[in-house]
Each structure stands twice: as C-alpha cells, then as structure tokens.
file coords23.txt (compact mmCIF, C-alpha atoms)
# COMPACT_ATOMS: atom_id res chain seq x y z
CA MET I 1 -87.98 91.72 -151.82
CA ALA I 2 -91.75 91.65 -151.86
CA VAL I 3 -93.98 91.66 -148.78
CA ARG I 4 -97.21 89.63 -148.79
CA ARG I 5 -100.30 90.19 -146.68
CA ILE I 6 -103.63 88.42 -146.47
CA ILE I 7 -106.56 90.84 -146.40
CA GLU I 8 -109.88 89.52 -145.16
CA THR I 9 -112.25 92.47 -145.65
CA GLU I 10 -112.78 95.59 -147.74
CA SER I 11 -112.18 97.75 -144.68
CA GLU I 12 -108.81 96.04 -144.16
CA MET I 13 -107.95 96.78 -147.80
CA GLN I 14 -108.86 100.43 -147.31
CA ALA I 15 -106.79 100.58 -144.13
CA LEU I 16 -103.81 99.15 -146.00
CA GLY I 17 -104.23 101.77 -148.73
CA GLU I 18 -104.35 104.56 -146.17
CA ARG I 19 -101.31 103.22 -144.33
CA ILE I 20 -99.25 102.95 -147.51
CA ALA I 21 -100.25 106.43 -148.72
CA ASN I 22 -99.10 107.83 -145.38
CA LEU I 23 -95.85 105.85 -145.57
CA CYS I 24 -95.26 107.35 -149.01
CA ASP I 25 -95.64 110.71 -147.26
CA ARG I 26 -98.48 111.27 -149.75
CA HIS I 27 -96.01 111.61 -152.63
CA GLY I 28 -94.99 109.10 -155.26
CA PHE I 29 -96.39 106.49 -157.58
CA ILE I 30 -98.40 103.39 -156.66
CA ALA I 31 -99.12 100.93 -159.46
CA LEU I 32 -102.10 98.67 -158.78
CA TYR I 33 -102.44 95.26 -160.42
CA GLY I 34 -105.27 92.75 -160.14
CA ASP I 35 -108.32 91.32 -161.85
CA LEU I 36 -111.79 92.88 -161.88
CA GLY I 37 -113.21 92.88 -158.37
CA SER I 38 -109.89 92.19 -156.67
CA GLY I 39 -109.94 95.33 -154.54
CA LYS I 40 -107.86 97.92 -156.43
CA THR I 41 -110.46 100.64 -156.00
CA ALA I 42 -110.94 99.74 -152.31
CA PHE I 43 -107.19 100.17 -151.84
CA ALA I 44 -107.36 103.50 -153.71
CA ASN I 45 -110.25 104.65 -151.49
CA GLY I 46 -108.12 103.96 -148.44
CA ALA I 47 -105.18 105.84 -149.91
CA ALA I 48 -107.48 108.78 -150.64
CA ARG I 49 -108.51 108.87 -146.96
CA ALA I 50 -104.92 109.86 -146.16
CA PHE I 51 -105.68 113.05 -148.12
CA GLY I 52 -109.05 113.66 -146.48
CA VAL I 53 -111.01 112.42 -149.52
CA THR I 54 -113.92 110.32 -148.26
CA HIS I 55 -114.80 108.44 -151.44
CA ILE I 56 -113.42 107.96 -154.91
CA ALA I 57 -114.80 106.01 -157.82
CA SER I 58 -112.78 104.18 -160.42
CA PRO I 59 -112.12 106.70 -163.23
CA THR I 60 -112.56 104.09 -165.97
CA PHE I 61 -114.26 106.38 -168.47
CA THR I 62 -112.35 109.55 -167.65
CA ILE I 63 -108.93 107.84 -167.31
CA VAL I 64 -107.85 110.19 -164.49
CA CYS I 65 -109.56 111.88 -161.58
CA GLU I 66 -107.78 114.83 -160.02
CA TYR I 67 -108.35 115.72 -156.39
CA PRO I 68 -107.51 119.26 -155.22
CA THR I 69 -105.75 118.09 -152.10
CA GLU I 70 -102.40 119.17 -150.71
CA PRO I 71 -100.34 117.55 -152.05
CA LYS I 72 -102.42 116.57 -155.06
CA LEU I 73 -103.89 113.13 -155.59
CA TYR I 74 -104.30 111.67 -159.08
CA HIS I 75 -106.20 108.44 -159.61
CA PHE I 76 -105.66 106.84 -163.01
CA ASP I 77 -107.43 103.85 -164.51
CA ALA I 78 -105.69 102.43 -167.58
CA TYR I 79 -108.36 99.78 -168.26
CA ARG I 80 -109.72 101.42 -171.42
CA LEU I 81 -106.37 102.51 -172.84
CA SER I 82 -105.07 100.58 -175.83
CA ASP I 83 -101.45 101.55 -175.20
CA SER I 84 -99.13 104.00 -173.47
CA ASP I 85 -99.40 106.51 -176.32
CA GLU I 86 -103.00 107.21 -175.26
CA LEU I 87 -101.80 107.79 -171.72
CA TYR I 88 -99.14 110.26 -172.85
CA ALA I 89 -101.71 112.00 -175.08
CA ILE I 90 -103.61 113.14 -171.95
CA GLY I 91 -100.46 114.67 -170.45
CA PHE I 92 -99.16 111.78 -168.35
CA ALA I 93 -95.58 113.11 -168.46
CA ASP I 94 -96.82 116.35 -166.86
CA TYR I 95 -98.57 114.46 -164.08
CA LEU I 96 -95.34 112.60 -163.29
CA ARG I 97 -93.52 115.91 -162.70
CA GLU I 98 -96.05 117.11 -160.13
CA ASP I 99 -95.68 116.98 -156.38
CA ALA I 100 -98.44 114.43 -155.90
CA LEU I 101 -99.39 110.87 -155.18
CA ILE I 102 -100.39 109.00 -158.31
CA LEU I 103 -102.45 105.83 -157.99
CA MET I 104 -102.84 103.84 -161.19
CA GLU I 105 -105.23 100.91 -161.55
CA TRP I 106 -104.56 98.43 -164.36
CA ALA I 107 -100.93 99.57 -164.49
CA ASN I 108 -99.98 96.38 -166.32
CA LEU I 109 -101.72 97.70 -169.45
CA VAL I 110 -99.25 100.59 -169.75
CA SER I 111 -96.21 99.05 -168.07
CA ASP I 112 -93.76 100.70 -170.47
CA ALA I 113 -94.94 104.14 -169.28
CA LEU I 114 -94.53 103.50 -165.55
CA PRO I 115 -91.75 105.29 -163.68
CA ALA I 116 -88.85 103.07 -162.72
CA GLU I 117 -89.22 104.11 -159.07
CA ARG I 118 -92.63 103.13 -157.76
CA LEU I 119 -94.51 100.83 -155.44
CA ASP I 120 -96.18 97.86 -157.12
CA ILE I 121 -99.27 96.48 -155.35
CA THR I 122 -100.63 93.21 -156.77
CA ILE I 123 -103.97 92.00 -155.43
CA SER I 124 -105.07 88.41 -156.00
CA GLY I 125 -108.54 87.06 -155.30
CA SER I 126 -112.12 88.17 -155.78
CA GLY I 127 -115.63 87.74 -154.44
CA MET I 128 -115.94 86.92 -150.77
CA GLU I 129 -112.52 85.21 -150.62
CA PRO I 130 -109.57 86.77 -148.76
CA ARG I 131 -107.11 88.70 -150.91
CA THR I 132 -103.39 88.17 -151.15
CA VAL I 133 -101.65 91.52 -151.48
CA THR I 134 -98.07 91.55 -152.72
CA ILE I 135 -96.22 94.80 -152.12
CA GLU I 136 -93.07 95.19 -154.18
CA PRO I 137 -90.87 98.28 -153.95
CA ARG I 138 -89.13 99.52 -157.09
CA GLY I 139 -86.29 101.83 -156.14
CA THR I 140 -84.40 102.78 -153.00
CA ARG I 141 -86.98 105.23 -151.65
CA TYR I 142 -89.73 102.62 -151.69
CA GLU I 143 -87.47 99.85 -150.37
CA GLU I 144 -86.48 101.99 -147.40
CA MET I 145 -90.05 103.10 -146.80
CA LEU I 146 -91.42 99.57 -146.84
CA TYR I 147 -88.75 97.84 -144.82
CA GLU I 148 -88.40 100.52 -142.16
CA ASP I 149 -92.06 100.11 -141.28
CA SER I 150 -93.07 96.85 -139.66
CA CYS I 151 -96.82 97.59 -139.94
CA VAL I 152 -97.10 96.88 -143.67
call {"tool": "encode", "arguments": {"input": "coords23.txt", "output": "structure tokens"}}
result
Amino acid sequence: MAVRRIIETESEMQALGERIANLCDRHGFIALYGDLGSGKTAFANGAARAFGVTHIASPTFTIVCEYPTEPKLYHFDAYRLSDSDELYAIGFADYLREDALILMEWANLVSDALPAERLDITISGSGMEPRTVTIEPRGTRYEEMLYEDSCV
C-alpha cells in the first residue's frame, strides 16, 4: 500500500529524502519518478545528507555519480539512456551487488532493469505548486521499513 504526502517546499523535500535514506539504513534502492522540475534531485540531495554529502547535482550527462561514503552512495540519472542495455553497459549489475544506497532518477525509462525489491518514490507537481509524493514499497524489507515508521 502506498503512502502519500504533500510537500510544500524544497527544504521539506530534502528532509523527506534524508528521512527515507536513514530509514533504509543507508542501504538499498530508491527509484525516483517525476517530470522535469518535480523535485527528484531535491529529494536526492536530502538523501545524500544522510551520508554527510552536502550537495549533489543531477548526473544527467555522466549517468552515475559515485560518492566515497560509508556505505557508498550512487546517484543515477537514466534520462539520457535509450534503454536498459545502455545501463548494463556501464556496469549496473555490479552496482546492484554493492553494499550501498542507489538513487535513480528517471527510473521509469529503465523499468525492466530495476530490482524487484526497492522503494518507488513518485513526485507530482512542478513550479511553485506543492508536490504530491507517493511512496510505494516493493518487497517485504521496504514494506516493513515504511509501515513501522509513522514519520514518513
């Protein structure tokens, strides 16, 4: 069952990202969905704060940014990929085996490559309007994590 939240500001979006990264115990896979300007990178910036990273940029042209944190943080942006084969060509299967948190923006563009167990975050809205964030767990670990915490 999905959880929905209304987010009024960018700082609230970042706080939600940080909270969810901490709930994931800084391990796992978070798939981010939403249009341009919806707040995916703001969410990712908040998640990165849980690792002590103060700012990240969307890795649109590099596909993945790796942060030497403990555990590791990988921030993917699938926007410029034509299909999942391109994602696998850069070693995506290896990233999935690592002890890390993986954040992937534009996950819908490579949906067939996503792990079955993950947390889907869909952000609706843009501009100065509030955002609707839908948090949907995929798999027992994420279901337990989400529903045991009343702050999300």
call {"tool": "residues_around", "arguments": {"input": "coords23.txt", "residues": "Lys40 in chain I", "least_positions_apart": "5", "cutoff": "9 Å", "atoms": "only C-alpha atoms", "output": "ChimeraX atom specification"}}
result
/I:13,32-35,45,58,105-106,121-123
call {"tool": "residues_around", "arguments": {"input": "coords23.txt", "residues": "range 132-143 of chain I", "least_positions_apart": "4", "cutoff": "12 Å", "atoms": "all atoms listed in the file", "output": "PDB file with C-alpha atoms, in the coordinates of the input"}}
result
ATOM      1  CA  MET I   1     -87.980  91.720-151.820  1.00  0.00           C
ATOM      2  CA  ALA I   2     -91.750  91.650-151.860  1.00  0.00           C
ATOM      3  CA  VAL I   3     -93.980  91.660-148.780  1.00  0.00           C
ATOM      4  CA  ARG I   4     -97.210  89.630-148.790  1.00  0.00           C
ATOM      5  CA  ARG I   5    -100.300  90.190-146.680  1.00  0.00           C
ATOM      6  CA  ILE I   6    -103.630  88.420-146.470  1.00  0.00           C
ATOM      7  CA  ILE I   7    -106.560  90.840-146.400  1.00  0.00           C
ATOM      8  CA  GLU I   8    -109.880  89.520-145.160  1.00  0.00           C
ATOM      9  CA  THR I   9    -112.250  92.470-145.650  1.00  0.00           C
ATOM     10  CA  GLU I  12    -108.810  96.040-144.160  1.00  0.00           C
ATOM     11  CA  MET I  13    -107.950  96.780-147.800  1.00  0.00           C
ATOM     12  CA  LEU I  16    -103.810  99.150-146.000  1.00  0.00           C
ATOM     13  CA  GLY I  17    -104.230 101.770-148.730  1.00  0.00           C
ATOM     14  CA  ILE I  20     -99.250 102.950-147.510  1.00  0.00           C
ATOM     15  CA  ALA I  21    -100.250 106.430-148.720  1.00  0.00           C
ATOM     16  CA  LEU I  23     -95.850 105.850-145.570  1.00  0.00           C
ATOM     17  CA  CYS I  24     -95.260 107.350-149.010  1.00  0.00           C
ATOM     18  CA  ASP I  25     -95.640 110.710-147.260  1.00  0.00           C
ATOM     19  CA  HIS I  27     -96.010 111.610-152.630  1.00  0.00           C
ATOM     20  CA  GLY I  28     -94.990 109.100-155.260  1.00  0.00           C
ATOM     21  CA  PHE I  29     -96.390 106.490-157.580  1.00  0.00           C
ATOM     22  CA  ILE I  30     -98.400 103.390-156.660  1.00  0.00           C
ATOM     23  CA  ALA I  31     -99.120 100.930-159.460  1.00  0.00           C
ATOM     24  CA  LEU I  32    -102.100  98.670-158.780  1.00  0.00           C
ATOM     25  CA  TYR I  33    -102.440  95.260-160.420  1.00  0.00           C
ATOM     26  CA  GLY I  34    -105.270  92.750-160.140  1.00  0.00           C
ATOM     27  CA  SER I  38    -109.890  92.190-156.670  1.00  0.00           C
ATOM     28  CA  GLY I  39    -109.940  95.330-154.540  1.00  0.00           C
ATOM     29  CA  LYS I  40    -107.860  97.920-156.430  1.00  0.00           C
ATOM     30  CA  PHE I  43    -107.190 100.170-151.840  1.00  0.00           C
ATOM     31  CA  LEU I 114     -94.530 103.500-165.550  1.00  0.00           C
ATOM     32  CA  PRO I 115     -91.750 105.290-163.680  1.00  0.00           C
ATOM     33  CA  ALA I 116     -88.850 103.070-162.720  1.00  0.00           C
ATOM     34  CA  GLU I 117     -89.220 104.110-159.070  1.00  0.00           C
ATOM     35  CA  ARG I 118     -92.630 103.130-157.760  1.00  0.00           C
ATOM     36  CA  LEU I 119     -94.510 100.830-155.440  1.00  0.00           C
ATOM     37  CA  ASP I 120     -96.180  97.860-157.120  1.00  0.00           C
ATOM     38  CA  ILE I 121     -99.270  96.480-155.350  1.00  0.00           C
ATOM     39  CA  THR I 122    -100.630  93.210-156.770  1.00  0.00           C
ATOM     40  CA  ILE I 123    -103.970  92.000-155.430  1.00  0.00           C
ATOM     41  CA  SER I 124    -105.070  88.410-156.000  1.00  0.00           C
ATOM     42  CA  GLY I 125    -108.540  87.060-155.300  1.00  0.00           C
ATOM     43  CA  SER I 126    -112.120  88.170-155.780  1.00  0.00           C
ATOM     44  CA  TYR I 147     -88.750  97.840-144.820  1.00  0.00           C
ATOM     45  CA  GLU I 148     -88.400 100.520-142.160  1.00  0.00           C
ATOM     46  CA  ASP I 149     -92.060 100.110-141.280  1.00  0.00           C
ATOM     47  CA  VAL I 152     -97.100  96.880-143.670  1.00  0.00           C
TER      48      VAL I 152
END
call {"tool": "closest_residue", "arguments": {"input": "coords23.txt", "among": "I:Arg80, I:Arg97, I:Arg49, I:Lys72", "to": "Ser11 in chain I", "atoms": "all atoms listed in the file"}}
result
I:Arg49
call {"tool": "atom_distance", "arguments": {"input": "coords23.txt", "atom1": "CA of Asp85 in chain I", "atom2": "CA of Leu101 in chain I"}}
result
21.6 Å
call {"tool": "atom_distance", "arguments": {"input": "coords23.txt", "atom1": "CA of Gly52 in chain I", "atom2": "CA of Arg19 in chain I"}}
result
13.2 Å
call {"tool": "decode", "arguments": {"input": "coords23.txt", "residues": "range 60-73 of chain I", "atoms": "N, CA, C and O atoms", "output": "CSV table (one decimal), in the first residue's frame"}}
result
chain,number,residue,atom,x,y,z
I,60,THR,N,23.0,13.9,-15.1
I,60,THR,CA,22.4,13.6,-16.4
I,60,THR,C,23.4,13.2,-17.5
I,60,THR,O,23.2,12.3,-18.3
I,61,PHE,N,24.6,13.9,-17.5
I,61,PHE,CA,25.5,13.6,-18.6
I,61,PHE,C,26.5,12.5,-18.3
I,61,PHE,O,27.1,11.9,-19.2
I,62,THR,N,26.7,12.2,-17.0
I,62,THR,CA,27.6,11.2,-16.6
I,62,THR,C,26.9,9.9,-16.3
I,62,THR,O,27.5,8.9,-16.0
I,63,ILE,N,25.6,9.9,-16.2
I,63,ILE,CA,24.7,8.8,-15.9
I,63,ILE,C,24.8,8.4,-14.4
I,63,ILE,O,23.8,8.2,-13.8
I,64,VAL,N,26.0,8.3,-13.8
I,64,VAL,CA,26.1,7.9,-12.4
I,64,VAL,C,27.2,8.8,-11.7
I,64,VAL,O,28.2,9.0,-12.3
I,65,CYS,N,26.9,9.2,-10.5
I,65,CYS,CA,27.9,9.9,-9.7
I,65,CYS,C,28.1,8.9,-8.5
I,65,CYS,O,27.1,8.5,-7.9
I,66,GLU,N,29.3,8.7,-8.2
I,66,GLU,CA,29.7,7.8,-7.1
I,66,GLU,C,30.3,8.7,-6.0
I,66,GLU,O,31.1,9.5,-6.2
I,67,TYR,N,29.8,8.5,-4.8
I,67,TYR,CA,30.2,9.2,-3.6
I,67,TYR,C,31.0,8.3,-2.7
I,67,TYR,O,30.4,7.2,-2.3
I,68,PRO,N,32.2,8.6,-2.3
I,68,PRO,CA,33.0,7.7,-1.4
I,68,PRO,C,32.6,7.8,0.0
I,68,PRO,O,33.4,8.1,0.9
I,69,THR,N,31.4,7.5,0.3
I,69,THR,CA,30.9,7.5,1.6
I,69,THR,C,30.9,6.1,2.2
I,69,THR,O,31.2,5.1,1.5
I,70,GLU,N,30.5,5.9,3.4
I,70,GLU,CA,30.4,4.6,4.0
I,70,GLU,C,29.0,4.4,4.7
I,70,GLU,O,28.8,5.1,5.7
I,71,PRO,N,28.2,3.6,4.2
I,71,PRO,CA,28.3,2.8,2.9
I,71,PRO,C,28.3,3.8,1.7
I,71,PRO,O,28.0,5.0,1.8
I,72,LYS,N,28.6,3.2,0.5
I,72,LYS,CA,28.6,4.1,-0.7
I,72,LYS,C,27.3,4.6,-1.1
I,72,LYS,O,26.2,4.0,-0.8
I,73,LEU,N,27.3,5.7,-1.8
I,73,LEU,CA,26.1,6.3,-2.4
I,73,LEU,C,26.3,6.4,-3.9
I,73,LEU,O,27.3,6.9,-4.3
